[in-house]
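Novice: Below you'll find target.pdb; it's PDB, C-alpha atoms and all ligand atoms.
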```pdb
MODEL        1
ATOM      1  CA  MET A   1      -0.636 -10.903  22.751  1.00  0.00           C
ATOM      2  CA  GLU A   2      -2.290  -9.400  19.721  1.00  0.00           C
ATOM      3  CA  ILE A   3      -3.139  -5.776  18.976  1.00  0.00           C
ATOM      4  CA  HIS A   4      -5.230  -4.399  16.152  1.00  0.00           C
ATOM      5  CA  ILE A   5      -5.354  -0.944  14.594  1.00  0.00           C
ATOM      6  CA  SER A   6      -8.294  -0.139  12.349  1.00  0.00           C
ATOM      7  CA  GLY A   7      -7.290   2.259   9.579  1.00  0.00           C
ATOM      8  CA  GLY A   8     -10.829   3.418   8.925  1.00  0.00           C
ATOM      9  CA  THR A   9     -11.273   4.797  12.456  1.00  0.00           C
ATOM     10  CA  ASN A  10      -7.629   5.903  12.959  1.00  0.00           C
ATOM     11  CA  ASN A  11      -7.242   7.951   9.783  1.00  0.00           C
ATOM     12  CA  ILE A  12      -4.815   5.490   8.217  1.00  0.00           C
ATOM     13  CA  ARG A  13      -6.284   6.180   4.832  1.00  0.00           C
ATOM     14  CA  PHE A  14      -5.281   7.422   1.429  1.00  0.00           C
ATOM     15  CA  SER A  15      -6.905   8.202  -1.879  1.00  0.00           C
ATOM     16  CA  ALA A  16      -5.289   7.232  -5.152  1.00  0.00           C
ATOM     17  CA  ALA A  17      -6.052   6.690  -8.816  1.00  0.00           C
ATOM     18  CA  HIS A  18      -5.060   3.610 -10.731  1.00  0.00           C
ATOM     19  CA  PHE A  19      -5.838   1.374 -13.695  1.00  0.00           C
ATOM     20  CA  ILE A  20      -5.540  -2.356 -14.329  1.00  0.00           C
ATOM     21  CA  PRO A  21      -4.983  -2.782 -18.085  1.00  0.00           C
ATOM     22  CA  ASN A  22      -6.027  -6.421 -18.455  1.00  0.00           C
ATOM     23  CA  ILE A  23      -9.422  -6.048 -16.710  1.00  0.00           C
ATOM     24  CA  GLU A  24     -11.822  -4.194 -19.009  1.00  0.00           C
ATOM     25  CA  LYS A  25     -13.715  -2.103 -16.442  1.00  0.00           C
ATOM     26  CA  CYS A  26     -10.623  -1.494 -14.294  1.00  0.00           C
ATOM     27  CA  SER A  27      -8.557  -0.476 -17.323  1.00  0.00           C
ATOM     28  CA  ARG A  28     -10.282   2.909 -17.203  1.00  0.00           C
ATOM     29  CA  LEU A  29      -8.550   5.387 -14.898  1.00  0.00           C
ATOM     30  CA  HIS A  30     -10.443   5.428 -11.594  1.00  0.00           C
ATOM     31  CA  GLY A  31      -9.804   5.894  -7.900  1.00  0.00           C
ATOM     32  CA  HIS A  32     -10.347   4.394  -4.469  1.00  0.00           C
ATOM     33  CA  ASP A  33     -10.424   5.610  -0.892  1.00  0.00           C
ATOM     34  CA  TYR A  34      -8.136   3.049   0.691  1.00  0.00           C
ATOM     35  CA  SER A  35      -7.744   2.248   4.373  1.00  0.00           C
ATOM     36  CA  VAL A  36      -5.177   0.014   6.051  1.00  0.00           C
ATOM     37  CA  ASP A  37      -5.692  -2.259   9.067  1.00  0.00           C
ATOM     38  CA  ILE A  38      -2.718  -3.515  11.050  1.00  0.00           C
ATOM     39  CA  THR A  39      -2.542  -6.519  13.388  1.00  0.00           C
ATOM     40  CA  LEU A  40       0.566  -7.352  15.410  1.00  0.00           C
ATOM     41  CA  ASN A  41       1.426 -10.388  17.505  1.00  0.00           C
ATOM     42  CA  GLY A  42       4.268 -10.860  19.936  1.00  0.00           C
ATOM     43  CA  GLU A  43       5.451 -10.924  23.512  1.00  0.00           C
ATOM     44  CA  MET A  44       4.546  -8.106  25.858  1.00  0.00           C
ATOM     45  CA  VAL A  45       7.285  -6.087  27.525  1.00  0.00           C
ATOM     46  CA  ASP A  46       6.205  -4.523  30.825  1.00  0.00           C
ATOM     47  CA  GLY A  47       2.564  -5.139  29.957  1.00  0.00           C
ATOM     48  CA  VAL A  48       2.720  -3.554  26.519  1.00  0.00           C
ATOM     49  CA  LEU A  49       3.228  -5.043  23.054  1.00  0.00           C
ATOM     50  CA  ILE A  50       4.120  -1.736  21.362  1.00  0.00           C
ATOM     51  CA  ASP A  51       3.098   1.924  21.530  1.00  0.00           C
ATOM     52  CA  TYR A  52       0.161   2.241  19.097  1.00  0.00           C
ATOM     53  CA  GLY A  53       1.476   5.680  18.111  1.00  0.00           C
ATOM     54  CA  ILE A  54       4.711   4.196  16.755  1.00  0.00           C
ATOM     55  CA  VAL A  55       2.833   1.798  14.487  1.00  0.00           C
ATOM     56  CA  LYS A  56       0.445   4.510  13.281  1.00  0.00           C
ATOM     57  CA  ASN A  57       3.321   6.894  12.490  1.00  0.00           C
ATOM     58  CA  ASP A  58       5.211   4.133  10.679  1.00  0.00           C
ATOM     59  CA  ILE A  59       2.311   3.111   8.432  1.00  0.00           C
ATOM     60  CA  ARG A  60       1.312   6.732   7.781  1.00  0.00           C
ATOM     61  CA  SER A  61       4.861   7.516   6.608  1.00  0.00           C
ATOM     62  CA  ILE A  62       4.571   4.577   4.192  1.00  0.00           C
ATOM     63  CA  ILE A  63       1.194   5.551   2.717  1.00  0.00           C
ATOM     64  CA  GLU A  64       1.887   9.297   2.556  1.00  0.00           C
ATOM     65  CA  PRO A  65       3.885   9.167  -0.736  1.00  0.00           C
ATOM     66  CA  ILE A  66       0.904   7.405  -2.402  1.00  0.00           C
ATOM     67  CA  ASP A  67      -1.855   9.682  -1.120  1.00  0.00           C
ATOM     68  CA  HIS A  68      -3.607  11.717  -3.847  1.00  0.00           C
ATOM     69  CA  ARG A  69      -1.367  10.284  -6.535  1.00  0.00           C
ATOM     70  CA  VAL A  70      -1.696   8.003  -9.537  1.00  0.00           C
ATOM     71  CA  ILE A  71      -0.309   4.531  -8.860  1.00  0.00           C
ATOM     72  CA  VAL A  72       1.686   3.266 -11.838  1.00  0.00           C
ATOM     73  CA  PRO A  73       2.988  -0.318 -11.570  1.00  0.00           C
ATOM     74  CA  SER A  74       6.625  -0.356 -12.631  1.00  0.00           C
ATOM     75  CA  MET A  75       6.607  -3.985 -13.808  1.00  0.00           C
ATOM     76  CA  ASP A  76       3.261  -4.208 -15.616  1.00  0.00           C
ATOM     77  CA  ARG A  77       3.216  -6.836 -18.380  1.00  0.00           C
ATOM     78  CA  TYR A  78       0.325  -5.105 -20.137  1.00  0.00           C
ATOM     79  CA  SER A  79       1.437  -1.469 -20.082  1.00  0.00           C
ATOM     80  CA  THR A  80       4.621   0.491 -20.554  1.00  0.00           C
ATOM     81  CA  HIS A  81       5.659   3.671 -18.852  1.00  0.00           C
ATOM     82  CA  ARG A  82       8.513   6.081 -19.233  1.00  0.00           C
ATOM     83  CA  ILE A  83       9.608   9.151 -17.337  1.00  0.00           C
ATOM     84  CA  GLU A  84      10.497  12.058 -19.605  1.00  0.00           C
ATOM     85  CA  ASP A  85      10.822  15.821 -18.999  1.00  0.00           C
ATOM     86  CA  GLY A  86       9.018  15.636 -15.671  1.00  0.00           C
ATOM     87  CA  LYS A  87       6.185  13.586 -17.106  1.00  0.00           C
ATOM     88  CA  CYS A  88       5.152   9.966 -16.731  1.00  0.00           C
ATOM     89  CA  LEU A  89       3.843   8.581 -20.003  1.00  0.00           C
ATOM     90  CA  VAL A  90       1.817   5.382 -19.745  1.00  0.00           C
ATOM     91  CA  SER A  91       0.479   3.412 -22.671  1.00  0.00           C
ATOM     92  CA  PHE A  92      -1.404   0.194 -23.191  1.00  0.00           C
ATOM     93  CA  ARG A  93      -3.545  -1.074 -26.041  1.00  0.00           C
ATOM     94  CA  HIS A  94      -5.037   2.055 -27.672  1.00  0.00           C
ATOM     95  CA  LYS A  95      -4.607   4.257 -24.587  1.00  0.00           C
ATOM     96  CA  GLU A  96      -2.022   6.814 -23.603  1.00  0.00           C
ATOM     97  CA  TYR A  97      -1.933   8.722 -20.330  1.00  0.00           C
ATOM     98  CA  GLU A  98       0.365  11.601 -19.498  1.00  0.00           C
ATOM     99  CA  PHE A  99       0.770  12.531 -15.831  1.00  0.00           C
ATOM    100  CA  PRO A 100       3.053  15.031 -14.134  1.00  0.00           C
ATOM    101  CA  GLU A 101       5.847  12.904 -12.644  1.00  0.00           C
ATOM    102  CA  SER A 102       5.220  14.547  -9.258  1.00  0.00           C
ATOM    103  CA  ASP A 103       1.646  13.189  -9.252  1.00  0.00           C
ATOM    104  CA  VAL A 104       2.762   9.587  -9.812  1.00  0.00           C
ATOM    105  CA  PHE A 105       3.741   6.864  -7.357  1.00  0.00           C
ATOM    106  CA  LEU A 106       5.684   4.067  -9.039  1.00  0.00           C
ATOM    107  CA  LEU A 107       4.712   0.818  -7.341  1.00  0.00           C
ATOM    108  CA  ASP A 108       7.339  -1.909  -7.543  1.00  0.00           C
ATOM    109  CA  ALA A 109       4.829  -4.511  -8.760  1.00  0.00           C
ATOM    110  CA  ASP A 110       3.175  -5.844 -11.917  1.00  0.00           C
ATOM    111  CA  VAL A 111      -0.362  -4.711 -11.010  1.00  0.00           C
ATOM    112  CA  SER A 112      -1.585  -1.864  -8.773  1.00  0.00           C
ATOM    113  CA  SER A 113      -4.063  -4.161  -7.010  1.00  0.00           C
ATOM    114  CA  SER A 114      -4.986  -4.028  -3.332  1.00  0.00           C
ATOM    115  CA  GLU A 115      -3.286  -7.446  -3.113  1.00  0.00           C
ATOM    116  CA  ASN A 116       0.034  -6.001  -4.278  1.00  0.00           C
ATOM    117  CA  LEU A 117      -0.411  -2.867  -2.174  1.00  0.00           C
ATOM    118  CA  SER A 118      -0.854  -5.046   0.928  1.00  0.00           C
ATOM    119  CA  GLN A 119       2.347  -6.939   0.065  1.00  0.00           C
ATOM    120  CA  TYR A 120       4.199  -3.663  -0.460  1.00  0.00           C
ATOM    121  CA  PHE A 121       2.976  -2.239   2.869  1.00  0.00           C
ATOM    122  CA  PHE A 122       3.807  -5.513   4.618  1.00  0.00           C
ATOM    123  CA  THR A 123       7.391  -5.389   3.317  1.00  0.00           C
ATOM    124  CA  MET A 124       7.859  -1.717   4.195  1.00  0.00           C
ATOM    125  CA  LEU A 125       6.250  -1.936   7.649  1.00  0.00           C
ATOM    126  CA  SER A 126       8.016  -5.172   8.628  1.00  0.00           C
ATOM    127  CA  GLU A 127      11.341  -3.422   7.900  1.00  0.00           C
ATOM    128  CA  LYS A 128      10.401  -0.653  10.333  1.00  0.00           C
ATOM    129  CA  LEU A 129       9.091  -3.047  13.011  1.00  0.00           C
ATOM    130  CA  ARG A 130      12.087  -5.391  12.878  1.00  0.00           C
ATOM    131  CA  GLN A 131      13.888  -3.277  15.488  1.00  0.00           C
ATOM    132  CA  HIS A 132      11.135  -4.165  17.998  1.00  0.00           C
ATOM    133  CA  ARG A 133      12.372  -7.675  18.753  1.00  0.00           C
ATOM    134  CA  ASN A 134       9.275  -8.647  20.745  1.00  0.00           C
ATOM    135  CA  ILE A 135       7.055  -8.280  17.634  1.00  0.00           C
ATOM    136  CA  LYS A 136       6.799 -11.682  15.942  1.00  0.00           C
ATOM    137  CA  PHE A 137       3.946 -11.437  13.441  1.00  0.00           C
ATOM    138  CA  LEU A 138       2.445  -8.758  11.213  1.00  0.00           C
ATOM    139  CA  SER A 139      -0.798  -8.647   9.251  1.00  0.00           C
ATOM    140  CA  VAL A 140      -1.686  -5.820   6.852  1.00  0.00           C
ATOM    141  CA  VAL A 141      -5.120  -5.492   5.241  1.00  0.00           C
ATOM    142  CA  VAL A 142      -5.627  -2.934   2.475  1.00  0.00           C
ATOM    143  CA  TYR A 143      -9.280  -2.048   1.863  1.00  0.00           C
ATOM    144  CA  GLU A 144     -10.060  -0.465  -1.494  1.00  0.00           C
ATOM    145  CA  GLY A 145     -13.528   0.291  -0.199  1.00  0.00           C
ATOM    146  CA  PRO A 146     -15.708  -0.676   2.762  1.00  0.00           C
ATOM    147  CA  GLY A 147     -15.633  -4.420   3.387  1.00  0.00           C
ATOM    148  CA  GLN A 148     -13.370  -5.305   0.431  1.00  0.00           C
ATOM    149  CA  GLY A 149      -9.683  -5.791   1.086  1.00  0.00           C
ATOM    150  CA  ALA A 150      -6.556  -7.900   0.643  1.00  0.00           C
ATOM    151  CA  LYS A 151      -4.403  -9.254   3.461  1.00  0.00           C
ATOM    152  CA  SER A 152      -0.677  -9.966   3.653  1.00  0.00           C
ATOM    153  CA  GLU A 153       0.589 -11.589   6.826  1.00  0.00           C
ATOM    154  CA  ASP A 154       3.651 -13.431   7.985  1.00  0.00           C
ATOM    155  CA  SER A 155       6.082 -13.754  10.831  1.00  0.00           C
ATOM    156  CA  ILE A 156       8.744 -11.070  11.195  1.00  0.00           C
ATOM    157  CA  GLU A 157      12.305 -12.288  11.534  1.00  0.00           C
ATOM    158  CA  PRO A 158      14.354 -10.017  13.778  1.00  0.00           C
TER     159      PRO A 158
HETATM  160 ZN    ZN B   1      -9.568  -0.065  -8.832  1.00  0.00          ZN
ENDMDL
END
```
In structure tokens, write the structure found in this file.
Ligand SMILES: [Zn+2]

Specialist:
Amino acid sequence: MEIHISGGTNNIRFSAAHFIPNIEKCSRLHGHDYSVDITLNGEMVDGVLIDYGIVKNDIRSIIEPIDHRVIVPSMDRYSTHRIEDGKCLVSFRHKEYEFPESDVFLLDADVSSSENLSQYFFTMLSEKLRQHRNIKFLSVVVYEGPGQGAKSEDSIEP
């Protein structure tokens, strides 16, 4: 059995600013209204795969720390960042940004792309879903705008 949860119509959304240093247009600080779709596959238990509410709470708890923040990739090859006196200082090429540390989400990735966000959400959500042993497969799509998104999907090992 497969179930699908559309982020756009279930308020599984977040807004965030980011920059991608090695792409000229994207190197300028800008933002997106992201939404996240979830698809699960597995074996039903008593006619149900999983309570939709559990999945929605899980993914919302994962996206909440990113909402209305600046995403800074912690392993970017093209930029450097350092945390100092409650500030996050980012620099690349001729640019320097200074953000309050509390406004920053450090993403454990080299680029703050929707591709890497989908991989991050997949990893985080699969950890939470692992306890539901009847769930065998997870797909996460992160849209950075209507009709444009990146998917990470794989089986979940219990
Ligand atoms: Zn962007």

Novice: Distance table requested - segment 12-52 of chain A against segment 126-140 of chain A, cut-off 6 Å, all atoms listed in the file: one row per qualifying residue with the closest atom pair and its distance in Å to one decimal, ordered by chain and rising residue number, as JSON lines.

Specialist:
```
{"residue": "A:Asp37", "atom": "CA", "partner": "A:Val140", "partner_atom": "CA", "distance": 5.8}
{"residue": "A:Ile38", "atom": "CA", "partner": "A:Val140", "partner_atom": "CA", "distance": 4.9}
{"residue": "A:Thr39", "atom": "CA", "partner": "A:Ser139", "partner_atom": "CA", "distance": 5.0}
{"residue": "A:Leu40", "atom": "CA", "partner": "A:Leu138", "partner_atom": "CA", "distance": 4.8}
{"residue": "A:Asn41", "atom": "CA", "partner": "A:Phe137", "partner_atom": "CA", "distance": 4.9}
{"residue": "A:Gly42", "atom": "CA", "partner": "A:Ile135", "partner_atom": "CA", "distance": 4.4}
{"residue": "A:Glu43", "atom": "CA", "partner": "A:Asn134", "partner_atom": "CA", "distance": 5.2}
```

Novice: Quick one: write out the picked residues with C-alpha atoms as a compact mmCIF listing (two decimals), in the frame of the given file?

Specialist:
```
# COMPACT_ATOMS: atom_id res chain seq x y z
CA ASP A 37 -5.69 -2.26 9.07
CA ILE A 38 -2.72 -3.52 11.05
CA THR A 39 -2.54 -6.52 13.39
CA LEU A 40 0.57 -7.35 15.41
CA ASN A 41 1.43 -10.39 17.50
CA GLY A 42 4.27 -10.86 19.94
CA GLU A 43 5.45 -10.92 23.51
```

Novice: Please produce, as JSON lines, a per-residue contact table for chain A versus ligand ZN 1 (chain B) (criterion: any atom at most 7 Å away, all atoms listed in the file considered), showing the nearest atom pair and its distance in Å to one decimal, sorted by chain then residue number.

Specialist:
```
{"residue": "A:His18", "atom": "CA", "partner": "B:ZN1", "partner_atom": "ZN", "distance": 6.1}
{"residue": "A:Phe19", "atom": "CA", "partner": "B:ZN1", "partner_atom": "ZN", "distance": 6.3}
{"residue": "A:Cys26", "atom": "CA", "partner": "B:ZN1", "partner_atom": "ZN", "distance": 5.7}
{"residue": "A:His30", "atom": "CA", "partner": "B:ZN1", "partner_atom": "ZN", "distance": 6.2}
{"residue": "A:Gly31", "atom": "CA", "partner": "B:ZN1", "partner_atom": "ZN", "distance": 6.0}
{"residue": "A:His32", "atom": "CA", "partner": "B:ZN1", "partner_atom": "ZN", "distance": 6.3}
```

Novice: As AutoDock Vina command-line options, what would the box around segment 62-74 of chain A look like: edges along x, y and z, 8 Å added on every side, centre and edge lengths in Å to one decimal?

Specialist:
```
--center_x 1.5 --center_y 5.7 --center_z -4.2 --size_x 26.2 --size_y 28.1 --size_z 32.8
```

Novice: Any chance you could resolve the PyMOL selection byres (((chain A and resi 22) around 10) and not hetatm) against this file and give the residues as a PDB file with C-alpha atoms, in the frame of the given file?

Specialist:
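Saved file selection_7.pdb follows:
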```pdb
ATOM      1  CA  PHE A  19      -5.838   1.374 -13.695  1.00  0.00           C
ATOM      2  CA  ILE A  20      -5.540  -2.356 -14.329  1.00  0.00           C
ATOM      3  CA  PRO A  21      -4.983  -2.782 -18.085  1.00  0.00           C
ATOM      4  CA  ILE A  23      -9.422  -6.048 -16.710  1.00  0.00           C
ATOM      5  CA  GLU A  24     -11.822  -4.194 -19.009  1.00  0.00           C
ATOM      6  CA  LYS A  25     -13.715  -2.103 -16.442  1.00  0.00           C
ATOM      7  CA  CYS A  26     -10.623  -1.494 -14.294  1.00  0.00           C
ATOM      8  CA  SER A  27      -8.557  -0.476 -17.323  1.00  0.00           C
ATOM      9  CA  ASP A  76       3.261  -4.208 -15.616  1.00  0.00           C
ATOM     10  CA  ARG A  77       3.216  -6.836 -18.380  1.00  0.00           C
ATOM     11  CA  TYR A  78       0.325  -5.105 -20.137  1.00  0.00           C
ATOM     12  CA  SER A  79       1.437  -1.469 -20.082  1.00  0.00           C
ATOM     13  CA  PHE A  92      -1.404   0.194 -23.191  1.00  0.00           C
ATOM     14  CA  ARG A  93      -3.545  -1.074 -26.041  1.00  0.00           C
ATOM     15  CA  VAL A 111      -0.362  -4.711 -11.010  1.00  0.00           C
TER      16      VAL A 111
END
```

Novice: So which residues are close to (5.6, 15.4, -14.2), meaning at most 7 Å away in the file's coordinates with all atoms listed in the file counted, and can you show them as a tab-separated table (two decimals) with C-alpha atoms, in the frame of the given file?

Specialist:
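What landed in selection.tsv:
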```
chain	number	residue	atom	x	y	z
A	86	GLY	CA	9.02	15.64	-15.67
A	87	LYS	CA	6.18	13.59	-17.11
A	88	CYS	CA	5.15	9.97	-16.73
A	99	PHE	CA	0.77	12.53	-15.83
A	100	PRO	CA	3.05	15.03	-14.13
A	101	GLU	CA	5.85	12.90	-12.64
A	102	SER	CA	5.22	14.55	-9.26
A	103	ASP	CA	1.65	13.19	-9.25
```

Novice: Expressed in Å to a single decimal, how great is the separation between atom CA of Ser74 of chain A and atom CA of Met124 of chain A?

Specialist: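 According to the coordinates, atom CA of Ser74 of chain A and atom CA of Met124 of chain A are separated by 16.9 Å.
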
Novice: Please indicate the distance in Å from atom CA of Ile54 of chain A to atom CA of Gly7 of chain A, rounded to one decimal place.

Specialist: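 Calculated distance between atom CA of Ile54 of chain A and atom CA of Gly7 of chain A is 14.1 Å.
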
Novice: Given the PyMOL selection byres (((chain A and resi 116) around 12) and not hetatm) and the file above, list the residues it selects as a PyMOL selection string.

Specialist: chain A and resi 71+73+75-76+107-115+117-123+140-144+149-152

Novice: So, with all atoms listed in the file as the atoms that count, which of A:Leu49, A:Val104, A:Val36, A:Ile3 lies closest to Ala16 of chain A?

Specialist: A:Val104

Novice: Please write as an MDAnalysis selection string the full residue list that the PyMOL selection byres (((chain A and resi 15) around 10) and not hetatm) yields on this file.

Specialist: chainID A and resid 13:14 16:17 31:35 63:64 66:70 144

Novice: If I take atom CA of Glu96 of chain A and atom CA of Pro65 of chain A, how far is one from the other in Å, to one decimal?

Specialist: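 Going from atom CA of Glu96 of chain A over to atom CA of Pro65 of chain A, I get 23.7 Å.
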
Novice: Which of these, A:Pro146, A:Tyr52, A:Asp46, A:Arg28, has the shortest distance to His4 of chain A once you count only C-alpha atoms?

Specialist: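 So, comparing all the options, the nearest one is A:Tyr52.
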
Novice: Smallest atom-to-atom distance to Arg60 of chain A: which of A:Glu98, A:Ile12, A:Met44, A:Ile83, using all atoms listed in the file?

Specialist: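 Closest to Arg60 of chain A of all the choices is A:Ile12.
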